[in-house]
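Everything on this sheet refers to the single structure shown next.
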2 protein chains.
Amino acid sequence: MDIQRWAVKIEYDGTGLVGWQRQTSGLSVQQILEEAAYGLCNQKHHVPSITAGRTDSGVHALGQVAHLDFPAHLPLTAKKICDGLNYYMKPHAVSILQAGQVNLEWSARFTAIQRKYLYVILNRHSRPALNTNYVWHVRKPLDVQKMHNAAQRLLGLHDFTSYRATACQANSPIRMLDKFDIYQIEDRIHFECEARSFLHHQVRNMVGTLKMIGDGYWPEKQAYTILQGKDRKLAGITAPATGLFLKEIVYPKDPFTT
Amino acid sequence: MDIQRWAVKIEYDGTGLVGWQRQTSGLSVQQILEEAAYGLCNQKHHVPSITAGRTDSGVHALGQVAHLDFPAHLPLTAKKICDGLNYYMKPHAVSILQAGQVNLEWSARFTAIQRKYLYVILNRHSRPALNTNYVWHVRKPLDVQKMHNAAQRLLGLHDFTSYRATACQANSPIRMLDKFDIYQIEDRIHFECEARSFLHHQVRNMVGTLKMIGDGYWPEKQAYTILQGKDRKLAGITAPATGLFLKEIVYPKDPFTT
């Protein structure tokens with residue numbers, strides 16, 4: 001069947017969802033999106049999707065990107081796709097921000113050249129009343145400068161075995177980490193992380209280890225020592241999903257500019 | 001009975017609550033707080049509270065202040081009050097950020113010299129998936145500069161009858177508006193408003209009118225024309241409660257510094 005391919009930029013609240021990928025155990029972003037696309041085709045065509053980043057259960061997205069293959073004969077426009085998908089996805093906490101047609105060689109996953117994640121720690125004594133699902137609450141004061149310095153030692157091309165989930169399915173543990181900036185805004189600590197691609201749980205495992213440096217449990221150099229050890233058992237805890245946001249996916253040419 | 005008076009700084013998510021004040025119609029912040037204080041006294045003493053700002057249903061607080069009168073004989077400290085109240089308020093979305101002892105002449109309401117509110121509009125086409133309860137979603141693009149200019153005409157000492165709720169119980173409609181700054185951060189528009197005190201719905205009514213200037217329905221001068229008319233029927237809609245945050249209460253001397 002002839003198809004037309006559309007890229008979509010998606011915002012979602014991961015709370016209560018099983019993550020991006022379809023699971024029998026619960027509702028996923030992929031299922032919500034594909035069922036909405038099925039609705040947009042008057043329930044005549046199933047529309048498969050491919051995503052740039054398969055986020056885990058509880059992880060949020062500010063700018064996830066996926067592509068959808070619709071039958072070629074449908075009279076679609078970017079506006080019809082945005083408004084139509086948002087209509088059918090109600091009341092789920094998933095929203096299409098932009099849509100753009102791409103050629104059939106273009107892939108949300110393989111054409112991407114950079115992924116940007118944001119992790120947020122709320123660093124104060126009192127528990128949060130606002131944004132409860134959007135932060136990791138850490139009571140003990142963290143040394144931001146020490147965490148930032150430790151993070152700089154992880155930049156560049158490395159074997160990230162120590163920071164990947166044991167269930168990670170990637171062929172190689174080698175990744176190039178381009179940026180890892182840590183800074184404070186009032187009582188929130190932001191971790192900004194950029195790479196062409198990440199291993200499963202890599203950001204959350206790195207944040208979990210840095211937190212243990214920030215609270216004084218480990219010395220600053222420990223993040224790099226753990227990296228060199230190439231053993232998952234050496235690293236710290238996996239930071240909770242609630243604080244993680246897939247912020248942006250970068251392509252050689254922005255698929256959403258017309 | 002001899003009492004000891006404590007000031008507390010409170011963060012809360014107004015979603016699903018009937019507002020600050022006790023109501024028979026549902027759960028209020030005041031009820032949650034006073035029941036926690038009752039728990040802290042081993043359920044032997046009722047602890048009345050007075051607040052700086054009686055927020056409406058759905059309105060949030062980043063830094064509400066109230067004072068609580070505990071029996072004098074209880075061995076209380078700032079830490080015991082913070083941790084104890086937060087323990088008893090679980091799982092409600094209300095959190096004590098700080099506590100400080102004050103003398104019996106001090107009042108959270110009457111000693112306050114300034115109230116600061118923040119209103120947030122999400123100004124974009126697509127509906128929000130994140131922070132749904134923390135913004136007013138306006139699809140039509142708003143002219144921020146025009147709204148800011150219009151707001152400057154409301155500064156100073158005026159009769160704010162046009163911008164007060166008809167149910168407002170204040171004796172006088174005269175208020176001094178000290179600051180009204182409007183600026184954009186990505187797709188969010190922030191309205192920052194400061195005064196010694198506000199009338200009922202004053203911030204939300206001003207924001208509702210400015211929104212109608214921002215979207216071109218009214219000219220820039222309309223906000224001032226409405227003010228001069230001294231008639232509530234002249235003003236625009238009341239902006240929804242979801243976008244409003246009580247940000248800070250200012251006192252001559254910060255009751256939370258030790």
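Labeling convention for the structure tokens: chains A, B, ... as they appear, residues from 1 per chain, ligands from 1 in order of appearance.
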* Asked: So which bits of region 47-250 of chain A end up strand (DSSP E or B) when you DSSP the backbone, as a VMD selection string?
  -> chain A and resid 49 to 51 56 60 to 71 94 to 102 114 to 123 136 to 138 156 to 159 174 to 185 188 to 195 244 to 250
Keeping only C-alpha atoms, take the residues you just selected and write them out as an mmCIF file, in the first residue's frame.
```cif
data_model
loop_
_atom_site.group_PDB
_atom_site.id
_atom_site.type_symbol
_atom_site.label_atom_id
_atom_site.label_comp_id
_atom_site.auth_asym_id
_atom_site.auth_seq_id
_atom_site.Cartn_x
_atom_site.Cartn_y
_atom_site.Cartn_z
ATOM 1 C CA SER A 49 4.512 4.464 14.585
ATOM 2 C CA ILE A 50 8.261 4.579 15.177
ATOM 3 C CA THR A 51 9.712 6.785 17.903
ATOM 4 C CA ASP A 56 10.182 4.137 30.375
ATOM 5 C CA HIS A 60 7.721 12.500 30.646
ATOM 6 C CA ALA A 61 8.307 14.168 27.285
ATOM 7 C CA LEU A 62 8.457 17.823 26.339
ATOM 8 C CA GLY A 63 9.422 17.113 22.729
ATOM 9 C CA GLN A 64 9.298 13.425 21.835
ATOM 10 C CA VAL A 65 9.296 12.746 18.076
ATOM 11 C CA ALA A 66 7.675 9.841 16.223
ATOM 12 C CA HIS A 67 6.703 9.157 12.646
ATOM 13 C CA LEU A 68 3.410 7.718 11.463
ATOM 14 C CA ASP A 69 2.695 5.990 8.147
ATOM 15 C CA PHE A 70 -0.775 6.895 6.847
ATOM 16 C CA PRO A 71 -2.332 5.567 3.605
ATOM 17 C CA VAL A 94 -0.592 13.238 25.498
ATOM 18 C CA SER A 95 -0.558 16.198 23.106
ATOM 19 C CA ILE A 96 0.736 16.683 19.562
ATOM 20 C CA LEU A 97 2.632 19.984 19.385
ATOM 21 C CA GLN A 98 3.625 19.961 15.715
ATOM 22 C CA ALA A 99 3.408 17.797 12.587
ATOM 23 C CA GLY A 100 5.380 17.810 9.339
ATOM 24 C CA GLN A 101 5.438 15.552 6.280
ATOM 25 C CA VAL A 102 8.710 13.705 5.669
ATOM 26 C CA GLN A 114 20.906 14.099 19.035
ATOM 27 C CA ARG A 115 18.700 13.392 22.054
ATOM 28 C CA LYS A 116 18.362 15.900 24.903
ATOM 29 C CA TYR A 117 17.128 14.869 28.346
ATOM 30 C CA LEU A 118 16.380 16.923 31.429
ATOM 31 C CA TYR A 119 16.344 15.467 34.942
ATOM 32 C CA VAL A 120 14.945 17.483 37.878
ATOM 33 C CA ILE A 121 15.720 16.963 41.577
ATOM 34 C CA LEU A 122 13.745 18.958 44.141
ATOM 35 C CA ASN A 123 16.388 19.500 46.813
ATOM 36 C CA TRP A 136 12.797 13.424 42.412
ATOM 37 C CA HIS A 137 12.539 14.719 45.962
ATOM 38 C CA VAL A 138 15.897 14.571 47.761
ATOM 39 C CA GLY A 156 33.212 11.986 25.408
ATOM 40 C CA LEU A 157 33.349 8.487 23.942
ATOM 41 C CA HIS A 158 33.198 5.742 26.586
ATOM 42 C CA ASP A 159 32.045 2.227 27.341
ATOM 43 C CA ILE A 174 29.898 2.550 23.627
ATOM 44 C CA ARG A 175 28.301 5.990 23.551
ATOM 45 C CA MET A 176 29.453 9.557 22.969
ATOM 46 C CA LEU A 177 28.205 11.886 25.715
ATOM 47 C CA ASP A 178 28.199 15.468 24.381
ATOM 48 C CA LYS A 179 26.938 17.517 27.313
ATOM 49 C CA PHE A 180 26.118 17.024 30.987
ATOM 50 C CA ASP A 181 25.357 20.317 32.713
ATOM 51 C CA ILE A 182 24.128 20.509 36.281
ATOM 52 C CA TYR A 183 22.820 23.740 37.783
ATOM 53 C CA GLN A 184 20.450 24.987 40.430
ATOM 54 C CA ILE A 185 17.295 27.117 40.062
ATOM 55 C CA ARG A 188 15.457 22.548 41.980
ATOM 56 C CA ILE A 189 18.601 20.999 40.509
ATOM 57 C CA HIS A 190 18.570 20.530 36.726
ATOM 58 C CA PHE A 191 20.642 17.872 34.969
ATOM 59 C CA GLU A 192 20.886 18.505 31.203
ATOM 60 C CA CYS A 193 22.232 15.632 29.162
ATOM 61 C CA GLU A 194 22.889 15.406 25.404
ATOM 62 C CA ALA A 195 24.088 12.546 23.184
ATOM 63 C CA LEU A 244 13.060 12.581 33.818
ATOM 64 C CA PHE A 245 11.946 14.527 30.730
ATOM 65 C CA LEU A 246 12.782 13.719 27.103
ATOM 66 C CA LYS A 247 13.301 17.334 26.103
ATOM 67 C CA GLU A 248 14.211 17.440 22.439
ATOM 68 C CA ILE A 249 15.222 15.339 19.443
ATOM 69 C CA VAL A 250 17.535 16.974 16.899
#
```
Residues within 7 Å of Gly84 (chain A), please, as a compact mmCIF listing (two decimals) with N, CA, C and O atoms, in the first residue's frame. Count only C-alpha atoms; anything in the same chain fewer than 4 positions from it doesn't count.
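The file below, selection.txt, is the result:
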```
# COMPACT_ATOMS: atom_id res chain seq x y z
N LEU A 40 -8.46 8.80 13.26
CA LEU A 40 -8.31 9.82 12.21
C LEU A 40 -8.53 9.23 10.81
O LEU A 40 -8.90 9.93 9.88
N LYS A 80 -4.50 19.18 10.23
CA LYS A 80 -5.46 18.08 10.42
C LYS A 80 -4.87 17.01 11.34
O LYS A 80 -5.58 16.42 12.16
N TYR A 88 -8.70 12.87 19.19
CA TYR A 88 -8.91 11.45 19.51
C TYR A 88 -8.12 10.99 20.73
O TYR A 88 -8.46 9.98 21.34
```
Per residue of chain A within 10 Å of chain B, what are the shortest atom pair and its distance in Å to one decimal, counting only C-alpha atoms, with rows by chain and residue number, as a tab-separated table?
```
residue	atom	partner	partner_atom	distance
A:Ile10	CA	B:Ala129	CA	9.1
A:Glu11	CA	B:Ala129	CA	6.0
A:Tyr12	CA	B:Ala129	CA	5.2
A:Asp13	CA	B:Leu130	CA	5.4
A:Gly14	CA	B:Leu130	CA	9.1
A:Thr15	CA	B:Leu130	CA	9.9
A:His60	CA	B:Leu130	CA	8.3
A:Ala61	CA	B:Leu130	CA	8.6
A:Leu62	CA	B:Leu130	CA	8.2
A:Cys82	CA	B:Ser126	CA	7.7
A:Asp83	CA	B:Ser126	CA	7.7
A:Asn86	CA	B:Ser126	CA	7.7
A:Tyr87	CA	B:Arg127	CA	9.8
A:Lys90	CA	B:Arg127	CA	9.8
A:Pro91	CA	B:Ala129	CA	9.5
A:His92	CA	B:Ala129	CA	7.8
A:Ala93	CA	B:Ala129	CA	4.4
A:Val94	CA	B:Ala129	CA	5.1
A:Ser95	CA	B:Ala129	CA	5.5
A:Ile96	CA	B:Ser126	CA	6.6
A:Leu97	CA	B:Ser126	CA	5.6
A:Gln98	CA	B:Ser126	CA	8.3
A:Arg124	CA	B:Leu97	CA	8.7
A:His125	CA	B:Leu97	CA	7.8
A:Ser126	CA	B:Leu97	CA	5.6
A:Arg127	CA	B:Ser95	CA	6.4
A:Pro128	CA	B:Ser95	CA	6.5
A:Ala129	CA	B:Ala93	CA	4.4
A:Leu130	CA	B:Asp13	CA	5.4
A:Asn131	CA	B:Asn131	CA	7.7
A:Thr132	CA	B:Ala93	CA	8.4
A:Asn133	CA	B:Asn131	CA	9.9
A:Tyr134	CA	B:Leu130	CA	9.1
```
* If we count only C-alpha atoms, what is near Ala150 (chain B) at a cut-off of 8 Å, once residues fewer than 2 positions away on the same chain are taken out, given as an MDAnalysis selection string? -> chainID B and resid 146:148 152:154 210 220:224
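Excluding Ala37 (chain A) itself and any same-chain residue fewer than 2 positions from it, the protein and nucleic acid residues within 8 Å of it, counting only C-alpha atoms, are Leu33, Glu34, Glu35, Gly39, Leu40, Cys41, His46, Val47, Leu85 and Tyr88 of chain A.
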* Asked: Just how far from CA of Trp20 (chain B) is CA of Asn205 (chain B), in Å to one decimal?
  -> 19.1 Å
* Any idea what's packed within 10 Å of Ala165 (chain A), counting only C-alpha atoms, ignoring anything in its chain fewer than 6 positions away? Could you give it as a VMD selection string? -> chain A and resid 199 to 202 204 to 205 232 238
How would the residues just picked look written out with all heavy atoms as a PDB file, in the first residue's frame?
```
ATOM      1  N   LEU A 199      21.983   4.653  26.291  1.00  0.00           N
ATOM      2  CA  LEU A 199      21.653   3.269  26.640  1.00  0.00           C
ATOM      3  C   LEU A 199      20.433   3.265  27.553  1.00  0.00           C
ATOM      4  O   LEU A 199      20.056   4.303  28.113  1.00  0.00           O
ATOM      5  CB  LEU A 199      22.847   2.627  27.363  1.00  0.00           C
ATOM      6  CG  LEU A 199      24.127   2.544  26.530  1.00  0.00           C
ATOM      7  CD1 LEU A 199      25.337   2.308  27.429  1.00  0.00           C
ATOM      8  CD2 LEU A 199      24.007   1.434  25.484  1.00  0.00           C
ATOM      9  N   HIS A 200      19.838   2.095  27.749  1.00  0.00           N
ATOM     10  CA  HIS A 200      18.665   1.946  28.598  1.00  0.00           C
ATOM     11  C   HIS A 200      19.020   2.342  30.042  1.00  0.00           C
ATOM     12  O   HIS A 200      19.985   1.818  30.600  1.00  0.00           O
ATOM     13  CB  HIS A 200      18.161   0.504  28.517  1.00  0.00           C
ATOM     14  CG  HIS A 200      16.810   0.299  29.132  1.00  0.00           C
ATOM     15  ND1 HIS A 200      16.349  -0.921  29.536  1.00  0.00           N
ATOM     16  CD2 HIS A 200      15.821   1.187  29.411  1.00  0.00           C
ATOM     17  CE1 HIS A 200      15.131  -0.788  30.037  1.00  0.00           C
ATOM     18  NE2 HIS A 200      14.785   0.474  29.969  1.00  0.00           N
ATOM     19  N   HIS A 201      18.268   3.281  30.615  1.00  0.00           N
ATOM     20  CA  HIS A 201      18.459   3.778  31.992  1.00  0.00           C
ATOM     21  C   HIS A 201      19.736   4.582  32.178  1.00  0.00           C
ATOM     22  O   HIS A 201      20.092   4.908  33.323  1.00  0.00           O
ATOM     23  CB  HIS A 201      18.475   2.622  33.010  1.00  0.00           C
ATOM     24  CG  HIS A 201      17.111   2.118  33.363  1.00  0.00           C
ATOM     25  ND1 HIS A 201      16.897   1.119  34.277  1.00  0.00           N
ATOM     26  CD2 HIS A 201      15.879   2.478  32.922  1.00  0.00           C
ATOM     27  CE1 HIS A 201      15.605   0.869  34.376  1.00  0.00           C
ATOM     28  NE2 HIS A 201      14.956   1.681  33.559  1.00  0.00           N
ATOM     29  N   GLN A 202      20.438   4.913  31.084  1.00  0.00           N
ATOM     30  CA  GLN A 202      21.746   5.572  31.249  1.00  0.00           C
ATOM     31  C   GLN A 202      21.640   6.899  32.008  1.00  0.00           C
ATOM     32  O   GLN A 202      22.413   7.147  32.940  1.00  0.00           O
ATOM     33  CB  GLN A 202      22.400   5.788  29.878  1.00  0.00           C
ATOM     34  CG  GLN A 202      23.840   6.317  29.993  1.00  0.00           C
ATOM     35  CD  GLN A 202      24.446   6.656  28.635  1.00  0.00           C
ATOM     36  OE1 GLN A 202      23.964   6.217  27.590  1.00  0.00           O
ATOM     37  NE2 GLN A 202      25.504   7.434  28.659  1.00  0.00           N
ATOM     38  N   ARG A 204      19.236   8.000  34.027  1.00  0.00           N
ATOM     39  CA  ARG A 204      18.808   7.800  35.414  1.00  0.00           C
ATOM     40  C   ARG A 204      19.896   7.150  36.264  1.00  0.00           C
ATOM     41  O   ARG A 204      20.034   7.458  37.460  1.00  0.00           O
ATOM     42  CB  ARG A 204      17.519   6.975  35.449  1.00  0.00           C
ATOM     43  CG  ARG A 204      16.306   7.779  34.952  1.00  0.00           C
ATOM     44  CD  ARG A 204      15.128   6.894  34.628  1.00  0.00           C
ATOM     45  NE  ARG A 204      14.703   6.114  35.787  1.00  0.00           N
ATOM     46  CZ  ARG A 204      13.806   5.125  35.719  1.00  0.00           C
ATOM     47  NH1 ARG A 204      13.261   4.799  34.551  1.00  0.00           N
ATOM     48  NH2 ARG A 204      13.464   4.472  36.792  1.00  0.00           N
ATOM     49  N   ASN A 205      20.695   6.277  35.669  1.00  0.00           N
ATOM     50  CA  ASN A 205      21.791   5.666  36.428  1.00  0.00           C
ATOM     51  C   ASN A 205      22.912   6.667  36.703  1.00  0.00           C
ATOM     52  O   ASN A 205      23.501   6.674  37.788  1.00  0.00           O
ATOM     53  CB  ASN A 205      22.345   4.444  35.683  1.00  0.00           C
ATOM     54  CG  ASN A 205      21.382   3.261  35.742  1.00  0.00           C
ATOM     55  OD1 ASN A 205      20.501   3.205  36.605  1.00  0.00           O
ATOM     56  ND2 ASN A 205      21.544   2.328  34.823  1.00  0.00           N
ATOM     57  N   ARG A 232      27.897  -2.842  36.025  1.00  0.00           N
ATOM     58  CA  ARG A 232      26.696  -2.156  36.513  1.00  0.00           C
ATOM     59  C   ARG A 232      26.604  -2.167  38.038  1.00  0.00           C
ATOM     60  O   ARG A 232      26.087  -1.227  38.645  1.00  0.00           O
ATOM     61  CB  ARG A 232      25.441  -2.800  35.902  1.00  0.00           C
ATOM     62  CG  ARG A 232      24.109  -2.309  36.464  1.00  0.00           C
ATOM     63  CD  ARG A 232      23.841  -0.859  36.102  1.00  0.00           C
ATOM     64  NE  ARG A 232      22.668  -0.306  36.778  1.00  0.00           N
ATOM     65  CZ  ARG A 232      22.708   0.481  37.834  1.00  0.00           C
ATOM     66  NH1 ARG A 232      23.872   0.836  38.365  1.00  0.00           N
ATOM     67  NH2 ARG A 232      21.601   0.953  38.364  1.00  0.00           N
ATOM     68  N   THR A 238      19.322   3.736  40.486  1.00  0.00           N
ATOM     69  CA  THR A 238      18.653   4.306  39.324  1.00  0.00           C
ATOM     70  C   THR A 238      17.714   5.399  39.835  1.00  0.00           C
ATOM     71  O   THR A 238      16.816   5.117  40.633  1.00  0.00           O
ATOM     72  CB  THR A 238      17.832   3.219  38.601  1.00  0.00           C
ATOM     73  OG1 THR A 238      18.716   2.147  38.237  1.00  0.00           O
ATOM     74  CG2 THR A 238      17.156   3.780  37.361  1.00  0.00           C
TER      75      THR A 238
END
```
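Computed from the coordinates, the CA of Gln43 (chain B) to CA of Leu74 (chain B) distance equals 12.6 Å.
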* Asked: Which of region 14-258 of chain A counts as alpha helix (DSSP H) under DSSP, as JSON, numbers by chain please?
  -> {"A": [29, 30, 31, 32, 33, 34, 35, 36, 37, 38, 39, 40, 78, 79, 80, 81, 82, 83, 84, 85, 86, 87, 88, 89, 144, 145, 146, 147, 148, 149, 150, 151, 152, 202, 203, 204, 205, 206, 207, 208, 209, 210, 211, 212, 213, 214, 222, 223, 224, 225, 226, 227, 228, 229]}
